[in-house]
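A short worksheet on the structure shown next.
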Amino acid sequence: MSGTAISFAASEEMIEAVKTLRERDFNHVDVYSPYHVKKLEALLPTRPSRVSRAVFLAVALGALAAYGFMYWSAVRLYPFDVAGTPHHSWPAFLPVTFEFGVLMGSITAFFSVLFFSGLPRYHHPVFDIEGFHRVTRDRFVIVVEGVSPTALPQFEKGTIHEF
Amino acid sequence: MPPIDRPWENTGQMGRRRFLKLMSTSMALLGLSGCARFRPPSEALPYVRPPSEVMPGERDFYATTLPFRGYGRGVVVECVMGRPVKVDGHPDHPSTLGGSDAALQACLLELYDPDRSQTVTHSGKTASISQLEAFLKEHRPRIARRRGEGVHIVSPPLHSPSLEKLIESTLPRATWHRVEAFPESPVRHHYRLEQADLIVTLGLDFLGNHPNSLRLARDFAKRRNPENMSQIWSYDCQPTLTTVAADHHKTLTPHQQQALLQRFLDDEPEGDEESRLLSLLQQKRGRCLVMGGPGVNSSTVHQLNEKFDNLGKTVTYSLHNRPTTSLKDLRVALDWGKVEWLITFDCDPCYLSGDTLPLEKAANSIHLNHRPNLTAGKSDWVVPGLHPLERWGDLRSFDGTTSLAQPVIEPLAGGWSPYKLLGSLTGAAISDLDYVKSYWTNLGKNWSQALSTGIVAQQGFLESAFVETEFAQPQNGQQLAFRPDPYLYDGRHTNNPWLLELPRPVTRLAWNNAVIVNQDWAEDKGYSNGDHILLKTQQGQLEAPVYLSKDQALGVFGVSVGWGQEQAGRFGSGRGYNAYPLRGANEAYFLSVEIEKSADHTDLISTQHQQKMEGRDLVRRGTLKQWEDDPHLDIEPPPQESLYPEEQETPQRRWGMVIDLTKCIGCNACTAACGAENNLAVVGPEQTAKGRAMHWLRVDHYVEPESAFQPVPCMHCENAPCEQVCPVEATLHNKEGLNQMVYNRCVGTRYCLNNCPYKVRRFNFLDYTHPDIDEWDNVRNPEVTVRSRGVMEKCTYCVQRIEAADIRSRIEEREIEDGEVVTACQAACPTRAIVFGDLNDPQSEVARQAALPHNYGLLAELNTRPRTTYLARISHQESQA
Amino acid sequence: MSSKVDKVERHSHPPDPVVGGGLSGADVVDDISAHVLTDRLGQIWWVALGCSLLLLTVFAISVAVLLWKGVGVWGIHDTVGWGLAITNFVWWIGIGHAGTFISAFLLLMSQGWRTSINRFAEGMTLLAVACAGVFPLLHLGRPWLFYWLMPYPNRMALWPQWRSPLIWDFVAVSTYGSVSLLFWYLGLVPDLAAVRDRATGRKKKVYALLCLGWRGSAYHWSYHQRAYLILAALATPLVVSVHSIVSLDFSVAILPGWHSTIFPPYFVAGAILSGFAMVITLAVPLRAWMKLENYITLKHLENSAKLMLITSFIVTYGYASEIFFGWWSGEVFHMAHLKHLFTGAYSPLWFVVLLCNSILPQLLWWRKFRTSPWALFWLSLAVNVGMWGERYIIVVGTLYKDYLPSAWRLYHATIWDWGLFLGTFGLFGSLFLLFIRYVPVISIHEMVELIKEDKE
């Protein structure tokens with residue numbers, strides 16, 4: 001992997017630059033920032049709803065599985081009489097159904113972040129960019145993949161690195 | 001190798017050859033003992049026809065007779081693989097009619113007592129049997145020559161024809177002391193409670209403290225149903241089973257009791273109540289009965305019964321051919337140095353006399369007993385004795401019926417019987433069996449029949465006229481009232497942890513005793529339960545904790561004996577206080593006393609801390625009149641609402657239990673029987689004090705609003721709150737509606753216990769199995785799991801008996817009959833207050849009783865739908881609104 | 001530099017800032033990272049850790065004795081089957097509610113001020129849940145069989161008894177623990193990356209592993225923030241459900257004093273009250289010690305105090321409704337329960353509970369009190385004691401006198417009961433000290449974002 005990185009000290013400048021790049025049809029653009037810059041959601045083709053869909057599915061399946069399992073084990077597999085209640089005592093099955101749905105949803109939420117982000121990954125070429133460690137502090141770095149610095153438009157601010 | 005004979009112990013050195021010899025013998029005997037130890041002797045005969053109410057499994061039943069206050073009580077012993085595991089009353093024997101009391105149920109634990117006497121000792125040192133035999137051989141000519149003169153035999157009163165004959169024939173000049181802590185009056189009173197519509201008792205606890213109490217309780221119970229109900233008026237100075245069971249009870253000191261009798265005799269009643277009673281007595285001439293206890297003159301009682309034409313109708317008399325002798329006589333004989341040979345067996349005269357007997361003044365003393373005690377410690381020779389379940393013999397019961405005793409197991413610790421010891425004094429002893437058999441030669445071929453049924457002859461004691469006896473009226477001042485412990489009696493059962501841990505019926509104390517004092521007096525003086533007082537009599541003084549009771553007469557201090565022994569063994573030694581030294585060699589029931597305050601306090605160990613009902617409708621009551629007006633009393637049908645649809649499935653059988661509170665006398669035999677049947681663990685005094693006693697069935701005693709007993713087993717609720725909350729299915733319903741506890745599934749959350757409104761569940765907080773006491777392995781019922789640490793347990797309705805009946809009925813391709821399954825508590829109940837069976841069988845007794853209008857479920861308003869229900873306590877009080 | 005919260009303040013006094021000292025984002029990153037990477041805490045930290053380890057030894061001994069002998073070493077008996085252990089469980093789990101409540105609920109409510117306290121509140125939550133989890137496990141008669149509460153194929157072909165509240169409880173608490181851990185860790189990943197980028201040598205490698213290779217890409221952030229929001233959305237009902245389900249352990253039972261429909265909301269409010277009390281108990285000394293006054297400002301303490309006041313009212317309402325409905329039912333058992341509450345053996349503790357949970361929090365009406373850290377600290381301690389007492393009253397005060405007076409019996413905790421309770425403070429303290437030493441105690445990326453937003 002190779003490309004060009006442009007480092008900014010201010011997010012506004014970075015956003016302007018991203019806008020310019022997107023207008024000029026640079027597709028492989030990524031931005032590294034110390035925090036979540038909400039305006040980038042509209043500029044870059046991020047798809048956070050993938051997480052939402054996965055979690056929704058997990059919650060539904062988890063809850064269904066929990067209820068189904070309880071029904072199967074308590075009514076079909078090994079029914080027994082307890083406290084004069086019917087085998088299918090549905091109100092008593094609800095807490096576990098809810099909890100298990102939430103548990104599955106949460107696990108899915110966590111791991112879908114990792115999965116969609118391609119993490120965990122110990123090393124990545126962008127780490128080689130000079131001063132990249134300041135991304136977690138006070139720098140905003142635009143990386144345009146597969147493009148040399150000369151092919152990029154000029155920006156007023158920002159430091160350019162090739163890697 | 002029999003532990004009694006240890007020939008090497010006095011030989012000093014043990015060489016190599018001797019060691020090898022002993023080792024090889026041991027190994028050889030080891031193989032033998034494996035098959036020989038647990039079996040009844042071959043001559044013993046099993047009960048051929050199993051008693052109708054007892055459930056046989058793969059078990060043998062033997063009928064035998066056990067001594068109780070000198071009389072025989074017929075029992076049936078259940079043996080598994082040759083070892084006795086359960087004792088119940090003999091259903092056909094008039095002394096028990098199948099009922100039990102706690103001591104009877106617990107007697108097996110004394111058979112298997114790890115502290116039983118095991119070796120012959122001489123002057124406190126281990127000796128051998130041969131040394132004892134040599135000693136006897138040396139003295140035999142002289143004893144025989146003097147025809148027993150100088151021999152003093154000390155035993156409890158024993159109505160054993162063959163033993164009496166043995167002593168008479170071989171030692172005619174011997175002095176026989178029949179000592180007893182609470183001697184009977186020389187005139188034996190035979191009550192016919194079924195015939196009496198009205199019973200007035202003055203200080204006689206005929207239900208709890210009488211040689212014939214099991215039979216009296218049964219007869220009493222026959223008239224405790226509202227259709228045909230007798231009424232009981234009781235006057236006593238302390239709370240007893242009888243005072244709780246009575247329809248009318250008033251606390252009176254012995255002095256007041258005697259005065260009341262006199263007023264009745266003179267037709268001068270004081271107050272409305274007395275007038276009413278007197279007119280009732282007059283109405284019920286010939287159908288009433290006046291009973292007198294130790295505090296009143298039996299002559300006055302006799303005169304009253306005569307006055308109301310009861311003689312020969314509700315009471316008859318017979319005479320003791322050998323009345324009890326006094327401890328004082330024994331002391332005098334010892335003091336005068338007249339005792340050359342002192343033979344004591346089956347009793348502890350030193351303890352009974354408050355350690356005032358100078359045993360050292362007897363030239364030779366031999367003590368025979370199966371348990372260690374104070375007398376053993378003071379005797380020259382101590383011979384290990386046989387437990388009554390290991391003996392041949394014969395005994396007459398209170399009504400005169402003679403029955404045979406046969407061993408149900410070979411002696412566990414070796415030992416001698418009284419026959420052998422007494423026989424050895426004058427000649428080479430023949431075996432016990434041969435002796436008893438030779439006495440009963442007239443039985444001839446019927447011997448086997450008599451042995452297997454246990455009963456020789458139903459012939460009663462000879463009826464006699466009343467004989468006046470000396471009576472010293474108790475004084476009117478502050479006095480002690482001596483009473484045997486309800487379970488330990490005079491102290492003979494003190495090393496029995498089942499009995500120690502069983503709460504006393506009235507006080508609910510376990511593992512300790514207390515002085516029962518009048519509640520108002522104590523509160524006035526600032527005493528509360530467990531505070532010490534100092535009791536001073538002429539003979540001695542004692543500091544003891546108090547227990548407050550509103551039913552204790554003012555000025556009368558109730559002390560129970562049987563406690564505070566030092567040599568009893570690992571369980572009983574040092575428990576409670578010993579009251580005998582307060583009266584010395586004296587069988588007095590009452591003794592004047594001075595009371596002083598003491599600053600000390602003992603936390604009394606009790607299984608029930610709260611005896612007030614707190615305004616809750618737990619023991620439902622009604623008077624006979626109310627019942628006649630409306631048999632439903634005030635019982636409302638419990639709620640039936642449910643969030644869930646009703647289950648349509650009807651199981652084939654629905655086991656259930658009904659407990660009749662009108663009949664229950666609170667004796668706790670059911671609890672003891674439950675323990676014996678279900679391997680209930682003994683937890684010890686510390687754990688009992690912490691509230692961890694393991695009784696699956698407890699008999700609650702409430703004193704407010706009115707004194708009453710209530711046995712509480714598991715209710716086997718249809719909507720069991722315990723089942724709902726168990727996370728691991730350790731407790732659930734089976735198809736027949738039993739609320740089951742699966743021990744090996746239990747993880748011990750104790751949630752079921754918390755959610756049980758009846759608090760009948762018991763948890764193994766620690767390991768209570770006593771793996772260190774090997775002897776206890778024998779008493780365990782092999783059909784019932786021994787519970788490990790960390791699991792919950794509770795009443796199972798004796799599911800092992802239900803299963804056995806189920807298997808048997810299926811083999812025989814029939815239904816289980818009503819009455820075929822009998823729970824342990826039901827079998828033991830002397831008043832038959834407990835009924836068990838199939839509620840789905842409309843013909844069954846339990847279904848009939850469950851449908852009675854005055855049947856109610858405890859806390860049924862919680863919609864638990866208990867299977868165990870109660871019949872309300874109906875009493876004869878007419879004046880009460 | 002004023003937050004949205006400040007803008008709606010209607011009082012005339014100058015608003016307290018959410019972030020003090022005019023710090024820039026870079027300052028925050030450097031400052032917080034330095035807490036982790038350099039030994040700023042000094043000797044006091046070691047002394048505190050030593051004390052905690054000492055208590056942890058008490059914990060170990062208490063557990064060993066318990067496992068060796070059985071639960072009989074405690075004071076429980078056949079009337080009071082649950083004693084100190086369950087009291088402690090409910091108390092700890094209650095404390096463990098504040099963290100997720102702050103993180104999740106306040107995140108959903110866009111309460112920006114939550115940012116500087118959420119991380120350490122979440123840490124507190126996790127450790128409190130761990131401490132809580134110790135008790136139901138160890139209070140079992142046969143703790144080595146605890147896994148029977150889980151569904152797993154076994155020889156007996158049995159599955160858990162789904163109708164038991166203990167199963168719900170087991171599932172709820174383990175779900176809560178897992179979700180809290182995931183939520184905490186997900187929030188922590190970018191911060192661990194920030195520490196990695198400040199660190200050198202072996203520490204850098206360790207943090208590089210822990211941060212899972214976080215790069216701060218816009219795509220990462222997009223997934224991360226969405227997942228974080230969803231987790232918050234899931235965790236919020238979870239927070240409510242956990243203590244509700246814990247309360248069902250009691251209210252599903254039929255005992256007077258337990259069987260009450262007010263229990264779920266009342267327990268949740270109690271949990272949040274005790275949780276915020278614990279946040280203040282920890283935050284006040286911590287901000288002084290770690291010099292975090294610029295992050296954990298008076299604003300935070302005051303807001304926490306306001307929440308305490310509100311939840312104290314809800315809890316008081318719970319008390320009142322229990323008393324009212326007990327009286328209203330006129331039922332002999334409930335009436336007796338109320339009588340025992342006010343006159344029984346444990347009534348002194350009940351009055352302490354009322355004092356600590358209902359009366360003393362009224363001091364929070366005064367702004368001066370709300371903004372005096374050490375006054376708040378002492379009040380929060382009182383509330384902690386009060387909430388523990390409340391649970392004791394609920395557990396023991398109900399069980400010792402229920403339906404049949406014949407079974408009534410007092411409960412006396414033994415030295416091993418107290419030993420285990422004390423020991424969990426060792427567990428909590430040790431882990432908490434490790435946490436504040438090696439994990440960014442303030443959420444770095446959220447702080448930076450907050451400062452940025454404030455500037456805009």
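If you're wondering about the labels, chains in the structure tokens are A, B, ... by order shown, residues count from 1 in each chain, ligands from 1 in order shown.
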
Would you write out, as CSV, a table of all residues in chain A that have an atom no more than 12 Å from an atom of chain B, listing for each the closest atom pair and the distance in Å to one decimal, considering only C-alpha atoms and ordering rows by chain and rising residue number?
residue,atom,partner,partner_atom,distance
A:Ala74,CA,B:Glu729,CA,11.0
A:Tyr78,CA,B:Glu729,CA,10.9
A:Pro79,CA,B:Glu729,CA,10.8
A:Phe80,CA,B:His733,CA,7.3
A:Asp81,CA,B:His733,CA,5.2
A:Val82,CA,B:Leu732,CA,5.3
A:Ala83,CA,B:Asn719,CA,4.2
A:Gly84,CA,B:Asn719,CA,4.6
A:Thr85,CA,B:Tyr644,CA,6.8
A:Pro86,CA,B:Tyr644,CA,7.1
A:His87,CA,B:Glu647,CA,10.1
A:His88,CA,B:Tyr644,CA,9.8
A:Ser89,CA,B:Tyr644,CA,7.9
A:Trp90,CA,B:Tyr644,CA,9.8
A:Pro91,CA,B:Tyr644,CA,9.9
A:Ala92,CA,B:Gln724,CA,10.0

Report task. Excluding region 42-56 of chain A and any residue of its chain fewer than 4 positions from it, enumerate the residues within 9 Å of it, using only C-alpha atoms, and give them as a VMD selection string. Result -> (chain A and resid 15 18 to 19 22 27 29 to 31 38 60 to 61 104 to 109 112 to 113 116) or (chain C and resid 218 to 219 222 to 227 230)

**Report entry** Interface list for chain C, partner chain A, 8 Å threshold, only C-alpha atoms, as a ChimeraX atom specification
**Finding:** /C:25-26,29-30,157-159,161-164,167-168,171-172,175,178-179,182-183,186,190,193-194,197-198,208-209,212-228,230-231,234-235,238,245,445-446,448-449

Requested in this report: Write out as a PyMOL selection string every residue belonging to chain C that has an atom at most 6 Å from any atom of chain B, counting only C-alpha atoms.
Outcome: chain C and resi 70-72+77-78+81+140-142+160-161+164+166-167+253+403+405-406

Expected file contents, prior selection, all heavy atoms, as a CSV table (one decimal), in the first residue's frame:
chain,number,residue,atom,x,y,z
C,70,GLY,N,-18.1,-24.9,54.9
C,70,GLY,CA,-19.5,-24.8,54.4
C,70,GLY,C,-20.1,-23.5,54.9
C,70,GLY,O,-19.5,-22.8,55.8
C,71,VAL,N,-21.2,-23.2,54.4
C,71,VAL,CA,-21.9,-21.9,54.7
C,71,VAL,C,-22.3,-21.9,56.1
C,71,VAL,O,-22.8,-20.8,56.6
C,71,VAL,CB,-23.1,-21.6,53.8
C,71,VAL,CG1,-22.6,-21.3,52.4
C,71,VAL,CG2,-24.1,-22.8,53.7
C,72,GLY,N,-22.2,-23.0,56.8
C,72,GLY,CA,-22.5,-23.0,58.3
C,72,GLY,C,-21.6,-22.1,59.1
C,72,GLY,O,-21.9,-21.8,60.2
C,77,HIS,N,-29.5,-19.5,59.2
C,77,HIS,CA,-30.1,-20.7,59.8
C,77,HIS,C,-31.4,-21.0,59.0
C,77,HIS,O,-31.6,-20.4,58.0
C,77,HIS,CB,-30.3,-20.5,61.3
C,77,HIS,CG,-30.9,-19.2,61.7
C,77,HIS,ND1,-32.2,-19.0,61.4
C,77,HIS,CD2,-30.4,-18.1,62.3
C,77,HIS,CE1,-32.5,-17.8,61.9
C,77,HIS,NE2,-31.4,-17.2,62.4
C,78,ASP,N,-32.1,-21.9,59.6
C,78,ASP,CA,-33.3,-22.4,58.8
C,78,ASP,C,-34.4,-21.5,58.8
C,78,ASP,O,-35.5,-21.7,58.2
C,78,ASP,CB,-33.7,-23.8,59.4
C,78,ASP,CG,-32.8,-24.9,58.9
C,78,ASP,OD1,-32.3,-24.8,57.8
C,78,ASP,OD2,-32.6,-25.8,59.7
C,81,GLY,N,-32.4,-17.8,55.7
C,81,GLY,CA,-31.6,-18.5,54.8
C,81,GLY,C,-30.6,-17.7,54.1
C,81,GLY,O,-29.6,-18.2,53.6
C,140,LEU,N,-23.8,-20.4,47.8
C,140,LEU,CA,-24.4,-21.7,47.5
C,140,LEU,C,-23.9,-22.7,48.5
C,140,LEU,O,-22.7,-22.6,49.0
C,140,LEU,CB,-24.0,-22.1,46.1
C,140,LEU,CG,-24.5,-21.3,44.9
C,140,LEU,CD1,-24.0,-21.9,43.7
C,140,LEU,CD2,-26.0,-21.3,45.0
C,141,GLY,N,-24.7,-23.6,48.8
C,141,GLY,CA,-24.3,-24.7,49.7
C,141,GLY,C,-23.2,-25.5,49.1
C,141,GLY,O,-22.3,-26.0,49.8
C,142,ARG,N,-23.3,-25.7,47.8
C,142,ARG,CA,-22.2,-26.4,47.1
C,142,ARG,C,-21.7,-25.5,45.9
C,142,ARG,O,-22.1,-25.7,44.8
C,142,ARG,CB,-22.8,-27.7,46.5
C,142,ARG,CG,-23.4,-28.6,47.7
C,142,ARG,CD,-23.5,-30.0,47.3
C,142,ARG,NE,-24.6,-30.3,46.4
C,142,ARG,CZ,-24.8,-31.5,45.8
C,142,ARG,NH1,-24.0,-32.5,46.1
C,142,ARG,NH2,-25.8,-31.6,45.0
C,160,PRO,N,-31.9,-25.6,33.2
C,160,PRO,CA,-32.3,-24.8,34.3
C,160,PRO,C,-33.8,-24.6,34.4
C,160,PRO,O,-34.6,-24.8,33.5
C,160,PRO,CB,-31.6,-23.4,34.0
C,160,PRO,CG,-30.5,-23.8,33.1
C,160,PRO,CD,-31.0,-24.9,32.3
C,161,GLN,N,-34.2,-24.3,35.6
C,161,GLN,CA,-35.7,-24.1,35.9
C,161,GLN,C,-36.0,-22.7,35.6
C,161,GLN,O,-35.8,-21.8,36.4
C,161,GLN,CB,-35.9,-24.5,37.4
C,161,GLN,CG,-37.2,-25.0,37.8
C,161,GLN,CD,-38.2,-23.9,37.9
C,161,GLN,OE1,-38.9,-23.5,36.9
C,161,GLN,NE2,-38.4,-23.3,39.1
C,164,SER,N,-37.6,-19.8,37.9
C,164,SER,CA,-37.0,-19.3,39.1
C,164,SER,C,-36.3,-17.9,38.9
C,164,SER,O,-35.5,-17.8,38.0
C,164,SER,CB,-35.9,-20.3,39.6
C,164,SER,OG,-35.1,-19.6,40.6
C,166,LEU,N,-34.0,-16.8,40.4
C,166,LEU,CA,-32.5,-16.9,40.5
C,166,LEU,C,-31.9,-17.1,39.1
C,166,LEU,O,-30.8,-16.7,38.9
C,166,LEU,CB,-32.1,-18.0,41.4
C,166,LEU,CG,-32.2,-17.7,42.9
C,166,LEU,CD1,-31.5,-18.8,43.7
C,166,LEU,CD2,-31.6,-16.4,43.2
C,167,ILE,N,-32.6,-17.8,38.2
C,167,ILE,CA,-32.1,-18.0,36.9
C,167,ILE,C,-32.1,-16.7,36.2
C,167,ILE,O,-31.1,-16.3,35.5
C,167,ILE,CB,-32.9,-19.0,36.1
C,167,ILE,CG1,-32.6,-20.4,36.7
C,167,ILE,CG2,-32.7,-19.0,34.6
C,167,ILE,CD1,-31.3,-21.0,36.3
C,253,ALA,N,-41.1,-13.9,45.6
C,253,ALA,CA,-41.4,-14.7,46.8
C,253,ALA,C,-42.7,-14.2,47.5
C,253,ALA,O,-43.2,-13.1,47.2
C,253,ALA,CB,-40.2,-14.6,47.8
C,403,TYR,N,-44.3,-15.9,58.3
C,403,TYR,CA,-45.6,-16.3,58.5
C,403,TYR,C,-45.9,-17.0,59.9
C,403,TYR,O,-46.8,-16.7,60.6
C,403,TYR,CB,-46.2,-17.2,57.4
C,403,TYR,CG,-46.4,-16.4,56.1
C,403,TYR,CD1,-45.6,-16.5,55.0
C,403,TYR,CD2,-47.5,-15.6,56.1
C,403,TYR,CE1,-45.8,-15.7,53.9
C,403,TYR,CE2,-47.8,-14.8,54.9
C,403,TYR,CZ,-46.9,-14.9,53.8
C,403,TYR,OH,-47.2,-14.2,52.7
C,405,PRO,N,-45.1,-17.7,63.5
C,405,PRO,CA,-44.2,-17.2,64.6
C,405,PRO,C,-43.3,-18.3,65.2
C,405,PRO,O,-42.3,-17.9,65.8
C,405,PRO,CB,-45.3,-16.7,65.6
C,405,PRO,CG,-46.5,-16.5,64.8
C,405,PRO,CD,-46.5,-17.5,63.7
C,406,SER,N,-43.7,-19.5,65.1
C,406,SER,CA,-42.9,-20.6,65.7
C,406,SER,C,-41.5,-20.6,65.1
C,406,SER,O,-40.6,-21.2,65.7
C,406,SER,CB,-43.6,-21.9,65.6
C,406,SER,OG,-43.8,-22.2,64.2

Query raised in the report: Near region 566-580 of chain B, counting only C-alpha atoms, which residues have an atom at most 8 Å away, once you skip same-chain residues fewer than 6 positions from it, shown as a PyMOL selection string?
Result: chain B and resi 115+351-354+371-374+494-497+500+511-514+542+544+559-560
